[in-house]
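Coordinates from input-v6.cif are shown below (mmCIF, C-alpha atoms).
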```cif
data_structure
#
loop_
_atom_site.label_atom_id
_atom_site.label_comp_id
_atom_site.auth_asym_id
_atom_site.auth_seq_id
_atom_site.Cartn_x
_atom_site.Cartn_y
_atom_site.Cartn_z
CA MET A 23 0.00 0.00 0.00
CA LYS A 24 1.18 3.53 -0.62
CA ARG A 25 0.39 6.90 0.87
CA ILE A 26 -0.09 10.06 -1.14
CA GLY A 27 -1.24 13.64 -0.69
CA ALA A 28 -1.39 15.44 2.65
CA ALA A 29 -1.06 12.17 4.53
CA SER A 30 2.58 11.90 3.47
CA LEU A 31 3.42 14.83 5.74
CA ALA A 32 3.63 15.05 9.50
CA LEU A 33 3.63 18.26 11.49
CA VAL A 34 6.57 18.94 13.77
CA TRP A 35 7.23 22.09 15.74
CA MET A 36 9.85 23.88 17.77
CA SER A 37 9.74 27.02 19.88
CA VAL A 38 13.02 28.95 19.89
CA LEU A 39 13.10 31.38 22.77
CA GLY A 40 15.26 34.48 22.75
CA SER A 41 15.21 38.10 21.67
CA ALA A 42 12.66 39.37 19.17
CA SER A 43 13.80 41.50 16.25
CA ALA A 44 15.28 44.71 17.67
CA GLN A 45 14.46 46.54 14.45
CA THR A 46 10.71 46.00 14.70
CA PRO A 47 8.90 48.55 16.92
CA LEU A 48 6.30 47.13 19.28
CA VAL A 49 3.32 48.92 20.75
CA GLY A 50 3.90 49.31 24.47
CA ALA A 51 7.44 47.88 24.34
CA THR A 52 9.81 49.03 27.08
CA ALA A 53 13.59 49.35 27.26
CA GLU A 54 13.66 46.51 29.81
CA PRO A 55 15.42 43.47 28.30
CA PRO A 56 13.18 40.45 27.69
CA LEU A 57 13.43 37.41 29.91
CA LYS A 58 15.66 34.64 28.57
CA VAL A 59 13.97 31.28 28.96
CA GLY A 60 14.06 27.85 27.32
CA SER A 61 11.52 25.13 26.65
CA ALA A 62 12.29 23.52 30.00
CA ASP A 63 11.08 26.71 31.75
CA PHE A 64 7.48 26.03 30.71
CA THR A 65 5.10 23.72 32.56
CA SER A 66 2.82 23.65 29.52
CA GLN A 67 3.27 24.29 25.80
CA PRO A 68 1.20 23.72 22.65
CA SER A 69 0.76 20.05 21.80
CA LEU A 70 1.30 18.53 18.38
CA ALA A 71 -2.48 18.53 17.88
CA ASP A 72 -2.61 22.23 18.85
CA MET A 73 0.08 23.06 16.30
CA ALA A 74 -1.67 21.07 13.58
CA ALA A 75 -4.97 22.85 14.24
CA ALA A 76 -3.28 26.28 14.13
CA TYR A 77 -1.17 25.65 11.00
CA PRO A 78 -2.20 28.20 8.32
CA PRO A 79 -4.38 26.33 5.77
CA GLU A 80 -2.75 27.89 2.70
CA ALA A 81 0.73 27.21 4.04
CA LEU A 82 -0.22 23.61 4.81
CA LYS A 83 -1.64 23.17 1.31
CA ALA A 84 1.60 24.54 -0.17
CA GLN A 85 3.68 22.46 2.27
CA ALA A 86 5.34 25.72 3.34
CA THR A 87 7.23 26.35 6.56
CA GLY A 88 7.63 29.58 8.49
CA SER A 89 8.03 31.29 11.84
CA ALA A 90 6.80 34.19 13.94
CA SER A 91 8.53 36.22 16.65
CA LEU A 92 6.34 37.45 19.50
CA ARG A 93 6.87 39.75 22.45
CA CYS A 94 4.61 39.38 25.48
CA SER A 95 4.64 40.20 29.18
CA VAL A 96 4.46 37.75 32.07
CA ALA A 97 1.07 37.61 33.80
CA GLU A 98 -0.03 35.94 37.01
CA ARG A 99 0.43 32.17 37.35
CA GLY A 100 3.11 32.20 34.67
CA LEU A 101 0.72 32.97 31.82
CA LEU A 102 1.57 35.34 28.95
CA GLN A 103 -0.38 38.46 28.04
CA GLY A 104 -0.29 41.51 25.80
CA CYS A 105 1.46 39.69 22.98
CA ALA A 106 2.43 41.53 19.79
CA VAL A 107 4.04 40.31 16.59
CA ALA A 108 7.65 41.38 16.10
CA GLU A 109 8.33 39.52 12.89
CA GLU A 110 6.73 36.96 10.56
CA THR A 111 8.55 34.83 8.00
CA PRO A 112 7.38 34.76 5.24
CA ALA A 113 5.45 38.00 5.72
CA GLY A 114 1.69 37.62 5.36
CA SER A 115 1.86 33.82 5.48
CA GLY A 116 -0.46 33.42 8.46
CA PHE A 117 2.16 32.09 10.85
CA ALA A 118 1.94 35.21 13.05
CA ALA A 119 -1.78 34.67 13.61
CA ALA A 120 -1.13 30.98 14.24
CA ALA A 121 1.51 31.79 16.86
CA LEU A 122 -0.75 34.32 18.61
CA SER A 123 -3.56 31.76 18.81
CA LEU A 124 -1.22 29.36 20.63
CA VAL A 125 -0.06 31.83 23.31
CA PRO A 126 -2.70 30.68 25.87
CA LYS A 127 -1.14 27.21 25.74
CA TYR A 128 2.08 28.50 27.31
CA ARG A 129 2.67 28.69 31.04
CA LEU A 130 5.97 29.43 32.76
CA ALA A 131 7.20 27.34 35.68
CA LEU A 132 7.68 29.98 38.38
CA SER A 133 8.12 29.79 42.12
CA ALA A 134 6.28 32.32 44.30
CA GLN A 135 9.44 34.42 44.52
CA GLN A 136 10.06 34.24 40.78
CA GLN A 137 6.44 35.18 40.08
CA ALA A 138 6.79 38.36 42.11
CA GLN A 139 10.01 39.24 40.32
CA THR A 140 8.82 38.53 36.78
CA THR A 141 5.17 39.66 36.65
CA GLY A 142 4.95 42.40 34.03
CA ARG A 143 8.40 41.67 32.59
CA PRO A 144 8.68 41.33 28.80
CA ILE A 145 9.38 37.96 27.21
CA ALA A 146 10.34 37.42 23.58
CA PHE A 147 10.31 34.17 21.64
CA ARG A 148 10.05 32.76 18.17
CA MET A 149 7.83 29.88 17.07
CA LYS A 150 8.86 27.81 14.06
CA PHE A 151 6.40 25.75 12.03
CA ALA A 152 7.68 22.95 9.79
CA LEU A 153 6.60 19.82 7.98
CA GLN A 154 8.49 16.57 7.58
CA ALA A 155 7.85 12.96 6.67
CA PRO A 156 6.23 11.03 9.56
CA PRO A 157 7.89 7.97 11.08
CA ALA A 158 6.71 4.64 9.72
CA GLY A 159 3.58 3.40 11.47
CA ALA A 160 2.93 6.75 13.15
CA SER A 161 -0.24 6.77 15.25
CA PRO A 162 -2.47 9.72 16.17
CA PRO A 163 -1.70 11.18 19.63
CA ALA A 164 -3.93 10.28 22.57
CA GLY A 165 -6.92 12.56 23.00
CA SER A 166 -6.97 13.65 19.36
CA GLU A 167 -9.79 13.44 16.82
CA GLY A 168 -9.60 13.33 13.06
CA VAL A 169 -10.84 11.87 9.81
CA ALA A 170 -9.19 10.31 6.77
CA THR A 171 -10.45 9.35 3.32
CA ILE A 172 -8.88 6.36 1.56
CA GLN A 173 -9.34 4.80 -1.84
CA CYS A 174 -8.54 1.14 -2.63
CA LYS A 175 -9.23 -1.55 -5.20
CA THR A 176 -11.25 -4.65 -4.35
CA THR A 177 -9.96 -8.21 -4.70
CA ALA A 178 -11.82 -11.36 -5.74
CA GLU A 179 -11.69 -12.53 -2.12
CA GLY A 180 -13.39 -9.38 -0.84
CA GLY A 181 -10.27 -7.71 0.50
CA LEU A 182 -8.75 -4.33 -0.39
CA THR A 183 -5.48 -3.62 -2.16
CA ASP A 184 -3.50 -0.69 -3.61
CA CYS A 185 -4.92 1.64 -0.94
CA ALA A 186 -3.97 5.31 -0.84
CA VAL A 187 -4.86 8.21 1.41
CA LEU A 188 -6.82 10.92 -0.39
CA SER A 189 -7.04 13.31 2.57
CA GLU A 190 -6.69 13.53 6.34
CA GLU A 191 -7.76 16.17 8.85
CA PRO A 192 -5.84 17.41 10.76
CA ALA A 193 -2.98 16.67 8.40
CA GLY A 194 0.17 15.01 9.65
CA LEU A 195 -1.12 13.46 12.88
CA GLY A 196 -1.22 9.88 11.61
CA PHE A 197 -4.91 9.54 10.78
CA GLY A 198 -4.06 8.60 7.19
CA ALA A 199 -1.79 5.79 8.39
CA ALA A 200 -4.48 4.67 10.84
CA ALA A 201 -7.01 4.54 7.99
CA LEU A 202 -4.66 2.38 5.92
CA ARG A 203 -4.29 -0.04 8.82
CA THR A 204 -8.08 -0.12 9.15
CA ALA A 205 -8.40 -0.93 5.44
CA ALA A 206 -6.53 -4.18 6.04
CA LEU A 207 -9.38 -5.24 8.36
CA ILE A 208 -12.20 -4.47 5.91
CA HIS A 209 -13.70 -7.49 4.15
CA LEU A 210 -16.36 -7.09 1.47
CA LYS A 211 -18.70 -9.71 0.03
CA PRO A 212 -16.64 -11.94 -2.32
CA THR A 213 -17.33 -11.79 -6.07
CA ALA A 214 -18.76 -15.32 -6.04
CA GLU A 215 -21.48 -14.08 -3.68
CA GLY A 216 -22.46 -11.13 -5.83
CA GLY A 217 -19.94 -8.68 -4.40
CA ALA A 218 -17.85 -6.09 -6.22
CA LEU A 219 -15.72 -7.20 -9.15
CA PRO A 220 -11.94 -7.32 -8.62
CA GLY A 221 -10.35 -3.96 -9.32
CA THR A 222 -13.47 -1.95 -8.43
CA LEU A 223 -12.57 1.32 -6.71
CA PHE A 224 -13.59 1.44 -3.05
CA LYS A 225 -13.64 4.82 -1.29
CA ARG A 226 -14.27 5.23 2.42
CA ARG A 227 -14.15 8.15 4.90
CA ILE A 228 -13.12 6.96 8.36
CA ARG A 229 -13.47 9.04 11.53
CA PHE A 230 -11.25 8.51 14.58
CA LYS A 231 -11.43 9.56 18.23
CA ILE A 232 -8.31 8.49 20.11
CA THR A 233 -8.98 8.01 23.83
CA PRO A 234 -6.32 9.33 26.26
#
```
Encoded form using structure tokens:
Amino acid sequence: MKRIGAASLALVWMSVLGSASAQTPLVGATAEPPLKVGSADFTSQPSLADMAAAYPPEALKAQATGSASLRCSVAERGLLQGCAVAEETPAGSGFAAAALSLVPKYRLALSAQQQAQTTGRPIAFRMKFALQAPPAGASPPAGSEGVATIQCKTTAEGGLTDCAVLSEEPAGLGFGAAALRTAALIHLKPTAEGGALPGTLFKRRIRFKITP
């Protein structure tokens, strides 16, 4: 069996934390240097499913990658607020809006003392969005939901062969691969019993809800 179309891509992501572009003016920005933090400084971050849902549709269709630099301030309980876009690459690609929509998923790991010292301080970071081939046999993450459409050819014994993924939503989370594995379990009425002739195209839309 082979996989084609959007199902041949898997979404991966990385947040690179550091200084935002110094050449881009920000509304309400102060001269105070932004906090320097790394991924390990967050107790929560966007999940793979979150990133897939936020990926700009046109960029996903074009298999394009990009990034967005944001500048925010630290709020209570380690949350981020007042975020503004410092830079988007490529400009107008939708990655800035995608990054802003994911801000509520971030939460800093702060002690009570650190919280008092950092509340209101600026924080700058860059989010990178990319696509790459998924590992063989990739499965959808726990707690995710999606749908995939496959097309196969029938065999004389009632099985399916030459299956391919026509589409999957969200793309890149493994729902296409899951649909292909499901196809191996589908058995139609054999030709001798009045079923479909060998080589007949069989198209099926399969919905998944992965329990945690």
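Of the residues under consideration (A:Leu207, A:Ala74, A:Ala170, A:Ala86), A:Ala86 shows the shortest atom-to-atom contact distance to A:Thr111 when counting only C-alpha atoms.
Distances from A:Lys175, A:Arg143, A:Lys127, A:Lys225 to A:Leu70 were compared using only C-alpha atoms, and the smallest one belongs to A:Lys127.
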key: Residues selected by the PyMOL selection byres ((chain A and resi 119) around 10), written as an MDAnalysis selection string   = chainID A and resid 76:78 90 107 110 114:118 120:124
Residues from last step as file, C-alpha atoms, as a PDB file, in the frame of the given file:
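Everything below was put into part.pdb:
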```pdb
ATOM      1  CA  ALA A  76      -3.280  26.280  14.130  1.00  0.00           C
ATOM      2  CA  TYR A  77      -1.170  25.650  11.000  1.00  0.00           C
ATOM      3  CA  PRO A  78      -2.200  28.200   8.320  1.00  0.00           C
ATOM      4  CA  ALA A  90       6.800  34.190  13.940  1.00  0.00           C
ATOM      5  CA  VAL A 107       4.040  40.310  16.590  1.00  0.00           C
ATOM      6  CA  GLU A 110       6.730  36.960  10.560  1.00  0.00           C
ATOM      7  CA  GLY A 114       1.690  37.620   5.360  1.00  0.00           C
ATOM      8  CA  SER A 115       1.860  33.820   5.480  1.00  0.00           C
ATOM      9  CA  GLY A 116      -0.460  33.420   8.460  1.00  0.00           C
ATOM     10  CA  PHE A 117       2.160  32.090  10.850  1.00  0.00           C
ATOM     11  CA  ALA A 118       1.940  35.210  13.050  1.00  0.00           C
ATOM     12  CA  ALA A 120      -1.130  30.980  14.240  1.00  0.00           C
ATOM     13  CA  ALA A 121       1.510  31.790  16.860  1.00  0.00           C
ATOM     14  CA  LEU A 122      -0.750  34.320  18.610  1.00  0.00           C
ATOM     15  CA  SER A 123      -3.560  31.760  18.810  1.00  0.00           C
ATOM     16  CA  LEU A 124      -1.220  29.360  20.630  1.00  0.00           C
TER      17      LEU A 124
END
```
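Relative to atom CA of A:Ser66, atom CA of A:Tyr128 is found at 5.4 Å.
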request  = For A:Phe224, work out the shell of residues within 12 Å, counting all atoms listed in the file and skipping chain neighbours fewer than 4 positions away, then give it as a PyMOL selection string.
outcome  = chain A and resi 171-177+180-188+205+208-210+218-220
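Residues having any atom no farther than 7 Å from (-9.3, 17.5, 13.8) (counting only C-alpha atoms) are A:Ala75, A:Glu167, A:Gly168, A:Glu191, A:Pro192.
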